[in-house]
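All remarks here apply to the structure that follows.
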Amino acid sequence: MTESSILIVEDEPDIAELIRFHVSREGYAARAIGSGRLALEEIDRRPPMLVILDLMLPDVDGLEVCRQLKWKQQTRSIPILIVSAKGEESDIVTGLELGADDYVTKPFSPKVLVARLKNILRRQNEDGDPKSNRYVLAGGDLILDVDRHHVTIRGDVVDFTPTEFGILKCLATRPGFVRTRDQIIASVHGEHTVLSSRTVDVHVTTIRRKLGDLEAMIQTVRGVGYRLGTMFAKTAPSK
Ligand code: CA
């Protein structure tokens, strides 16, 4: 049974308080804890609805906290939002691959942090139908039909190779969230293709080209991977 409060795991009191202030202002109950070891104990006792997790922590570090939470059945489904210093891309990648949902880098905008948090919680509520085999994106301009293995852009069928389709599907299953190259490779694996990080990049280039004016939907997240954007202008942006 998960409690409806947010646990902030952050050893810098000023940052913990900043996060707590903004999260509380959005109407969420929030509490902060300054060590990884204490956080694990606290989560066992009172599982929160979401964990905001700093990676650089005394004693047990953030990645280990993430690993332990995702390893245990009782805590596996608790979403994790990583807060990390810039230049720790490899840790972010590891965290995402361990099962963290999203991340922000320090110094972060509290607005962005709150938006990411809401996105995770909304996403969790929508996950009621994970078997959905049809992804309607960009307000219906882009539709992925997994059963029929086909893609339409504004009603026109566009050909994608099985690998390209697999990559697009991997991103479409979690719009708005970054996927690392290894996560993309793992999800496409078995579609009789061996992919490397570099070939993922090459395929993404091709996918973008085929998407035409929707190409900006696939965003490159430097040092981390790719994300399918959730906000698109229906017409060319004016600015
Ligand atoms: Ca820290």
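By order in the structure tokens, chains are A, B, ...; within a chain, residues start at 1; ligands start at 1, following the order shown.
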
*Distance filter 7 Å around ligand 1, atoms: only C-alpha atoms and all ligand atoms, out as a list in words*: Glu10, Asp11, Glu12, Asp54, Leu55, Met56 and Leu57 of chain A

Next on the checklist: Applying 9 Å and only C-alpha atoms, which residues near Glu97 of chain A remain after dropping the ones on its own chain fewer than 4 positions away? List them as an MDAnalysis selection string.
Outcome noted: chainID A and resid 92:93 179:180 182:183

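For segment 45-52 of chain A, the non-local neighbours within 9 Å, defined as residues at least 6 positions apart in the same chain or in other chains and counting only C-alpha atoms, are A:Met1, A:Thr2, A:Glu3, A:Ser4, A:Ser5, A:Ile6, A:Leu7, A:Ile8, A:Val9, A:Glu10, A:Ile19, A:Gln74, A:Thr75, A:Ile78, A:Pro79, A:Ile80, A:Leu81, A:Ile82, A:Val83, A:Tyr103, A:Leu117, A:Ile120, A:Leu121.
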
N, CA, C and O atoms of the current selection, written as an mmCIF file, in the first residue's frame:
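Written file, part.cif:
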data_model
loop_
_atom_site.group_PDB
_atom_site.id
_atom_site.type_symbol
_atom_site.label_atom_id
_atom_site.label_comp_id
_atom_site.auth_asym_id
_atom_site.auth_seq_id
_atom_site.Cartn_x
_atom_site.Cartn_y
_atom_site.Cartn_z
ATOM 1 N N MET A 1 0.858 -1.196 0.000
ATOM 2 C CA MET A 1 0.000 0.000 0.000
ATOM 3 C C MET A 1 0.887 1.236 0.000
ATOM 4 O O MET A 1 1.742 1.429 0.848
ATOM 5 N N THR A 2 0.705 2.037 -0.995
ATOM 6 C CA THR A 2 1.554 3.208 -1.151
ATOM 7 C C THR A 2 0.883 4.456 -0.592
ATOM 8 O O THR A 2 -0.280 4.707 -0.820
ATOM 9 N N GLU A 3 1.671 5.184 0.128
ATOM 10 C CA GLU A 3 1.149 6.390 0.771
ATOM 11 C C GLU A 3 1.146 7.543 -0.236
ATOM 12 O O GLU A 3 1.963 7.595 -1.142
ATOM 13 N N SER A 4 0.219 8.486 -0.049
ATOM 14 C CA SER A 4 0.139 9.568 -1.030
ATOM 15 C C SER A 4 1.038 10.725 -0.653
ATOM 16 O O SER A 4 0.612 11.858 -0.506
ATOM 17 N N SER A 5 2.315 10.421 -0.438
ATOM 18 C CA SER A 5 3.230 11.523 -0.202
ATOM 19 C C SER A 5 4.516 11.270 -0.963
ATOM 20 O O SER A 5 4.798 10.166 -1.423
ATOM 21 N N ILE A 6 5.280 12.340 -1.124
ATOM 22 C CA ILE A 6 6.493 12.272 -1.926
ATOM 23 C C ILE A 6 7.693 12.308 -1.002
ATOM 24 O O ILE A 6 7.743 13.113 -0.074
ATOM 25 N N LEU A 7 8.634 11.412 -1.245
ATOM 26 C CA LEU A 7 9.831 11.384 -0.418
ATOM 27 C C LEU A 7 10.990 12.011 -1.193
ATOM 28 O O LEU A 7 11.302 11.598 -2.310
ATOM 29 N N ILE A 8 11.603 13.014 -0.581
ATOM 30 C CA ILE A 8 12.748 13.688 -1.182
ATOM 31 C C ILE A 8 14.006 13.155 -0.507
ATOM 32 O O ILE A 8 14.155 13.285 0.710
ATOM 33 N N VAL A 9 14.877 12.541 -1.290
ATOM 34 C CA VAL A 9 16.120 12.022 -0.725
ATOM 35 C C VAL A 9 17.243 12.917 -1.213
ATOM 36 O O VAL A 9 17.640 12.871 -2.377
ATOM 37 N N GLU A 10 17.711 13.762 -0.345
ATOM 38 C CA GLU A 10 18.663 14.825 -0.722
ATOM 39 C C GLU A 10 19.426 15.231 0.522
ATOM 40 O O GLU A 10 18.836 15.537 1.558
ATOM 41 N N ILE A 19 12.976 21.920 -2.912
ATOM 42 C CA ILE A 19 12.109 20.930 -3.573
ATOM 43 C C ILE A 19 10.822 20.750 -2.762
ATOM 44 O O ILE A 19 9.722 20.757 -3.306
ATOM 45 N N GLN A 74 8.063 -5.247 -3.291
ATOM 46 C CA GLN A 74 7.162 -4.304 -2.597
ATOM 47 C C GLN A 74 7.406 -2.855 -3.018
ATOM 48 O O GLN A 74 6.524 -2.014 -2.882
ATOM 49 N N THR A 75 8.625 -2.564 -3.493
ATOM 50 C CA THR A 75 8.944 -1.163 -3.778
ATOM 51 C C THR A 75 9.156 -0.900 -5.269
ATOM 52 O O THR A 75 9.345 0.244 -5.675
ATOM 53 N N ILE A 78 7.262 1.910 -7.216
ATOM 54 C CA ILE A 78 7.333 3.317 -6.787
ATOM 55 C C ILE A 78 8.158 4.099 -7.822
ATOM 56 O O ILE A 78 9.314 3.771 -8.072
ATOM 57 N N PRO A 79 7.568 5.124 -8.433
ATOM 58 C CA PRO A 79 8.321 5.885 -9.435
ATOM 59 C C PRO A 79 9.483 6.658 -8.810
ATOM 60 O O PRO A 79 9.396 7.099 -7.656
ATOM 61 N N ILE A 80 10.536 6.826 -9.591
ATOM 62 C CA ILE A 80 11.731 7.530 -9.119
ATOM 63 C C ILE A 80 12.087 8.648 -10.100
ATOM 64 O O ILE A 80 12.191 8.420 -11.305
ATOM 65 N N LEU A 81 12.249 9.843 -9.555
ATOM 66 C CA LEU A 81 12.730 10.984 -10.331
ATOM 67 C C LEU A 81 14.130 11.329 -9.822
ATOM 68 O O LEU A 81 14.298 11.704 -8.664
ATOM 69 N N ILE A 82 15.110 11.174 -10.680
ATOM 70 C CA ILE A 82 16.500 11.416 -10.286
ATOM 71 C C ILE A 82 16.833 12.900 -10.364
ATOM 72 O O ILE A 82 16.429 13.577 -11.306
ATOM 73 N N VAL A 83 17.551 13.365 -9.359
ATOM 74 C CA VAL A 83 18.106 14.718 -9.388
ATOM 75 C C VAL A 83 19.620 14.552 -9.379
ATOM 76 O O VAL A 83 20.165 13.906 -8.504
ATOM 77 N N TYR A 103 14.567 12.313 -14.968
ATOM 78 C CA TYR A 103 15.602 12.985 -14.203
ATOM 79 C C TYR A 103 15.568 14.480 -14.466
ATOM 80 O O TYR A 103 15.027 14.935 -15.474
ATOM 81 N N LEU A 117 7.575 15.625 -12.440
ATOM 82 C CA LEU A 117 6.925 14.833 -11.399
ATOM 83 C C LEU A 117 5.455 14.552 -11.754
ATOM 84 O O LEU A 117 4.990 13.416 -11.698
ATOM 85 N N ILE A 120 5.175 12.037 -14.528
ATOM 86 C CA ILE A 120 5.359 10.653 -14.067
ATOM 87 C C ILE A 120 4.076 10.139 -13.419
ATOM 88 O O ILE A 120 3.620 9.035 -13.702
ATOM 89 N N LEU A 121 3.476 10.955 -12.571
ATOM 90 C CA LEU A 121 2.274 10.512 -11.857
ATOM 91 C C LEU A 121 1.101 10.330 -12.824
ATOM 92 O O LEU A 121 0.336 9.384 -12.709
#

- Near-Ser35 of chain A list (6 Å; only C-alpha atoms; drop same-chain fewer than 2 positions) as a ChimeraX atom specification: /A:37-38,58

* **Those in segment 95-194 of chain A with helix (DSSP H, G or I) from DSSP, as a PyMOL selection string** => chain A and resi 95-98+110-126+138-140+162-172+181-188

Could the residues in this selection be written to a file with C-alpha atoms, as a PDB file, in the first residue's frame?
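again19.pdb written:
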ATOM      1  CA  GLY A  95      19.688   5.166 -13.182  1.00  0.00           C
ATOM      2  CA  LEU A  96      17.261   5.093 -16.105  1.00  0.00           C
ATOM      3  CA  GLU A  97      18.380   1.587 -16.981  1.00  0.00           C
ATOM      4  CA  LEU A  98      17.836   0.521 -13.383  1.00  0.00           C
ATOM      5  CA  PRO A 110      11.597  24.010  -9.713  1.00  0.00           C
ATOM      6  CA  LYS A 111       8.939  24.424 -12.412  1.00  0.00           C
ATOM      7  CA  VAL A 112      10.592  21.796 -14.583  1.00  0.00           C
ATOM      8  CA  LEU A 113      10.978  19.468 -11.626  1.00  0.00           C
ATOM      9  CA  VAL A 114       7.300  19.769 -10.743  1.00  0.00           C
ATOM     10  CA  ALA A 115       6.309  19.268 -14.394  1.00  0.00           C
ATOM     11  CA  ARG A 116       8.405  16.098 -14.624  1.00  0.00           C
ATOM     12  CA  LEU A 117       6.925  14.833 -11.399  1.00  0.00           C
ATOM     13  CA  LYS A 118       3.356  15.419 -12.567  1.00  0.00           C
ATOM     14  CA  ASN A 119       4.181  13.786 -15.875  1.00  0.00           C
ATOM     15  CA  ILE A 120       5.359  10.653 -14.067  1.00  0.00           C
ATOM     16  CA  LEU A 121       2.274  10.512 -11.857  1.00  0.00           C
ATOM     17  CA  ARG A 122      -0.077  11.105 -14.776  1.00  0.00           C
ATOM     18  CA  ARG A 123       1.725   8.491 -16.792  1.00  0.00           C
ATOM     19  CA  GLN A 124       1.371   6.025 -13.950  1.00  0.00           C
ATOM     20  CA  ASN A 125      -2.391   6.534 -13.904  1.00  0.00           C
ATOM     21  CA  GLU A 126      -2.615   6.095 -17.655  1.00  0.00           C
ATOM     22  CA  ALA A 138       0.879  14.453 -32.209  1.00  0.00           C
ATOM     23  CA  GLY A 139      -2.853  14.948 -31.827  1.00  0.00           C
ATOM     24  CA  GLY A 140      -3.585  12.086 -34.242  1.00  0.00           C
ATOM     25  CA  PRO A 162      11.040  -3.535 -38.636  1.00  0.00           C
ATOM     26  CA  THR A 163      14.002  -2.022 -36.776  1.00  0.00           C
ATOM     27  CA  GLU A 164      12.850   1.542 -37.347  1.00  0.00           C
ATOM     28  CA  PHE A 165       9.368   0.558 -36.281  1.00  0.00           C
ATOM     29  CA  GLY A 166      10.770  -1.085 -33.146  1.00  0.00           C
ATOM     30  CA  ILE A 167      12.687   2.045 -32.200  1.00  0.00           C
ATOM     31  CA  LEU A 168       9.685   4.276 -32.800  1.00  0.00           C
ATOM     32  CA  LYS A 169       7.502   1.953 -30.746  1.00  0.00           C
ATOM     33  CA  CYS A 170      10.019   1.924 -27.901  1.00  0.00           C
ATOM     34  CA  LEU A 171       9.850   5.720 -27.754  1.00  0.00           C
ATOM     35  CA  ALA A 172       6.078   5.814 -28.252  1.00  0.00           C
ATOM     36  CA  ARG A 181      20.277   3.747 -26.345  1.00  0.00           C
ATOM     37  CA  ASP A 182      20.639   0.475 -24.436  1.00  0.00           C
ATOM     38  CA  GLN A 183      16.951   0.498 -23.559  1.00  0.00           C
ATOM     39  CA  ILE A 184      16.128   1.035 -27.214  1.00  0.00           C
ATOM     40  CA  ILE A 185      18.490  -1.764 -28.229  1.00  0.00           C
ATOM     41  CA  ALA A 186      16.979  -4.121 -25.652  1.00  0.00           C
ATOM     42  CA  SER A 187      13.451  -3.385 -26.799  1.00  0.00           C
ATOM     43  CA  VAL A 188      14.254  -3.975 -30.457  1.00  0.00           C
TER      44      VAL A 188
END

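Backbone DSSP over segment 60-140 of chain A yields strand (DSSP E) at A:Ile80, A:Leu81, A:Ile82, A:Val83, A:Ser84, A:Ala85, A:Asp102, A:Tyr103, A:Val104, A:Thr105, A:Lys106, A:Arg134, A:Tyr135, A:Val136, A:Leu137.
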
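Across the model, the gap from atom CA of Ala85 of chain A to atom CA of Lys106 of chain A is 4.7 Å.
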
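Atom CA of Asp147 of chain A is positioned 17.8 Å from atom CA of Arg174 of chain A.
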
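Residues in contact with Asp14 of chain A at up to 12 Å, not including ones fewer than 6 positions away on its chain and judged by only C-alpha atoms, are Arg20, Phe21, Ala32 and Gly34 of chain A.
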
One decimal place gives the atom CA of Pro175 of chain A-atom CA of Gly225 of chain A separation as 13.3 Å

Min atom-atom distance to Glu215 of chain A from the set A:Ile153, A:Ser109, A:Gly176, A:Glu88, counting only C-alpha atoms, belongs to A:Ile153

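Closest approach to Val60 of chain A among A:Leu40, A:Lys210, A:Ser77, A:Val194 is made by A:Leu40 (distances from only C-alpha atoms).
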